[in-house]
Amino acid sequence: MAAVVALAFVILMFSVSSPVRALSSNYYDHTCPQLESIVTSAVKKAMSNDRTVPAALLRMHFHDCFIRGCDASVLLNSKGNNKAEKDGPPNISLHAFYVIDNAKKALESSCPGVVSCADILALAARDAVALSGGPTWEVPKGRKDGRISLATETRQLPAPTFNISQLQQNFAQRGLSIEDLVALSGGHTLGFSHCSSFQNRIHSFNVTLDVDPTLNRFFAAKLRSVCPAHNKVKNAGSPLDSSTFVFDNAYYKLLLQGKGIFSSDQALFTTPKTAALVSKFASSQKAFEKAFVNSMIRMSSLTGGKEIRLDCRVVR
């Protein structure tokens with residue numbers, strides 16, 4: 001975060017008592033120089049067995065950073081009466097936690113007690129993008145891990161049903177701009193959505209229309225065939241774009257055709273500024289990648305933890 005005012009707001013927002021630490025790309029150069037190669041190896045190995053891993057890691061990082069900052073609280077297991085973030089409704093479909101566990105285990109063997117789970121997750125998200133054909137970038141490091149993880153706080157995550165005002169407010173509360181909103185929405189170029197996240201657009205849209213009229217009618221018919229009104233198929237849904245395993249700008253091109261999956265995708269057309277950014281990124285992969293990298297660095301610089309966890313899933 002560049003603005004001091006924004007940083008102050010983020011600290012307040014996440015109820016963090018300690019000051020935001022300065023992150024550095026060379027933070028582990030002397031204490032754990034093999035960090036990046038170890039994390040990349042863990043991501044590559046997982047990807048070779050499961051093509052959905054990149055989307056999972058990218059989404060996991062987003063969901064971590066939007067609650068209490070990027071402090072790996074999304075990785076913590078529920079314990080006793082405390083229901084953790086990963087068991088909150090928006091996070092139930094998160095998966096591939098084992099990738100972070102495997103990287104952490106290798107790092108604890110190589111440089112014990114040095115690397116935070118939050119930094120591992122930030123690096124894994126970067127590798128997920130790069131290994132899917134997207135850009136790579138220097139990840140600023142030095143995050144610490146948090147001890148608090150509450151399922152109730154997952155209500156703070158931007159929902160797929162949000163309108164543009166809700167999206168702008170949600171991002172602004174974290175010091176993120178309208179361009180960050182549109183660029184980070186491009187993360188939907190990877191991944192898959194279950195029917196429940198877009199059911200509102202294809203069945204009983206309002207009192208007079210069954211289908212959202214902004215949705216391409218042929219695409220809507222396809223979605224309705226996969227997701228009937230009383231769908232009982234647990235894993236039914238749709239890829240988020242036409243090249244679901246490749247990080248590219250197809251997401252924006254589909255938005256221009258009325259083929260965005262979520263209400264929050266279509267919402268990007270409801271202001272001139274966001275619509276112009278969609279068109280810009282649809283016409284230029286290079287412009288999208290540049291904006292995405294800048295926005296990822298800003299988002300992943302939201303910090304909040306205080307310690308290094310030796311086990312990413314458990315607070316000791």
# chains A, B, ... in the order shown; residues from 1 in each chain; ligands from 1
call {"tool": "select_by_dssp", "arguments": {"residues": "stretch 87-250 of chain A", "states": "strand (DSSP E or B)", "output": "list in words"}}
result
Lys141, Asp145, Phe192, Ser193, His194, Gly237, Ser238 and Pro239 of chain A
call {"tool": "select_by_dssp", "arguments": {"residues": "stretch 112-303 of chain A", "states": "alpha helix (DSSP H)", "output": "VMD selection string"}}
result
chain A and resid 117 to 130 164 to 172 178 to 185 199 to 202 217 to 226 250 to 256 263 to 266 272 to 283 285 to 299
call {"tool": "closest_atom_pairs", "arguments": {"of": "stretch 124-191 of chain A", "to": "stretch 246-269 of chain A", "cutoff": "9 Å", "atoms": "only C-alpha atoms", "output": "JSON lines"}}
result
{"residue": "A:Val129", "atom": "CA", "partner": "A:Phe247", "partner_atom": "CA", "distance": 6.4}
{"residue": "A:Ala130", "atom": "CA", "partner": "A:Phe247", "partner_atom": "CA", "distance": 8.0}
{"residue": "A:Leu131", "atom": "CA", "partner": "A:Phe247", "partner_atom": "CA", "distance": 8.7}
{"residue": "A:Ser132", "atom": "CA", "partner": "A:Val246", "partner_atom": "CA", "distance": 5.1}
{"residue": "A:Gly133", "atom": "CA", "partner": "A:Phe247", "partner_atom": "CA", "distance": 5.5}
{"residue": "A:Gly134", "atom": "CA", "partner": "A:Phe247", "partner_atom": "CA", "distance": 4.9}
{"residue": "A:Pro135", "atom": "CA", "partner": "A:Phe247", "partner_atom": "CA", "distance": 8.5}
{"residue": "A:Pro158", "atom": "CA", "partner": "A:Ser264", "partner_atom": "CA", "distance": 8.7}
{"residue": "A:Ala159", "atom": "CA", "partner": "A:Ser264", "partner_atom": "CA", "distance": 7.4}
{"residue": "A:Pro160", "atom": "CA", "partner": "A:Ser264", "partner_atom": "CA", "distance": 5.1}
{"residue": "A:Thr161", "atom": "CA", "partner": "A:Ser263", "partner_atom": "CA", "distance": 5.0}
{"residue": "A:Phe162", "atom": "CA", "partner": "A:Ser264", "partner_atom": "CA", "distance": 5.1}
{"residue": "A:Asn163", "atom": "CA", "partner": "A:Ala267", "partner_atom": "CA", "distance": 5.5}
{"residue": "A:Ile164", "atom": "CA", "partner": "A:Ala267", "partner_atom": "CA", "distance": 5.2}
{"residue": "A:Ser165", "atom": "CA", "partner": "A:Ala267", "partner_atom": "CA", "distance": 8.9}
{"residue": "A:Leu167", "atom": "CA", "partner": "A:Ser264", "partner_atom": "CA", "distance": 7.6}
{"residue": "A:Leu181", "atom": "CA", "partner": "A:Leu268", "partner_atom": "CA", "distance": 8.9}
{"residue": "A:Val182", "atom": "CA", "partner": "A:Leu268", "partner_atom": "CA", "distance": 7.1}
{"residue": "A:Ser185", "atom": "CA", "partner": "A:Asp265", "partner_atom": "CA", "distance": 7.5}
{"residue": "A:Gly186", "atom": "CA", "partner": "A:Tyr251", "partner_atom": "CA", "distance": 6.4}
{"residue": "A:Gly187", "atom": "CA", "partner": "A:Phe247", "partner_atom": "CA", "distance": 7.9}
{"residue": "A:His188", "atom": "CA", "partner": "A:Tyr251", "partner_atom": "CA", "distance": 6.7}
{"residue": "A:Thr189", "atom": "CA", "partner": "A:Tyr251", "partner_atom": "CA", "distance": 5.2}
{"residue": "A:Leu190", "atom": "CA", "partner": "A:Phe247", "partner_atom": "CA", "distance": 6.2}
call {"tool": "residues_around", "arguments": {"residues": "A:Pro140", "least_positions_apart": "3", "cutoff": "12 Å", "atoms": "only C-alpha atoms", "output": "PyMOL selection string"}}
result
chain A and resi 1+21-29+36+70+118-120+122-123+126+137+143+293-294+296-303
call {"tool": "closest_residue", "arguments": {"among": "A:Lys104, A:Lys86, A:Arg147, A:Arg316", "to": "A:Asp71", "atoms": "only C-alpha atoms"}}
result
A:Arg147
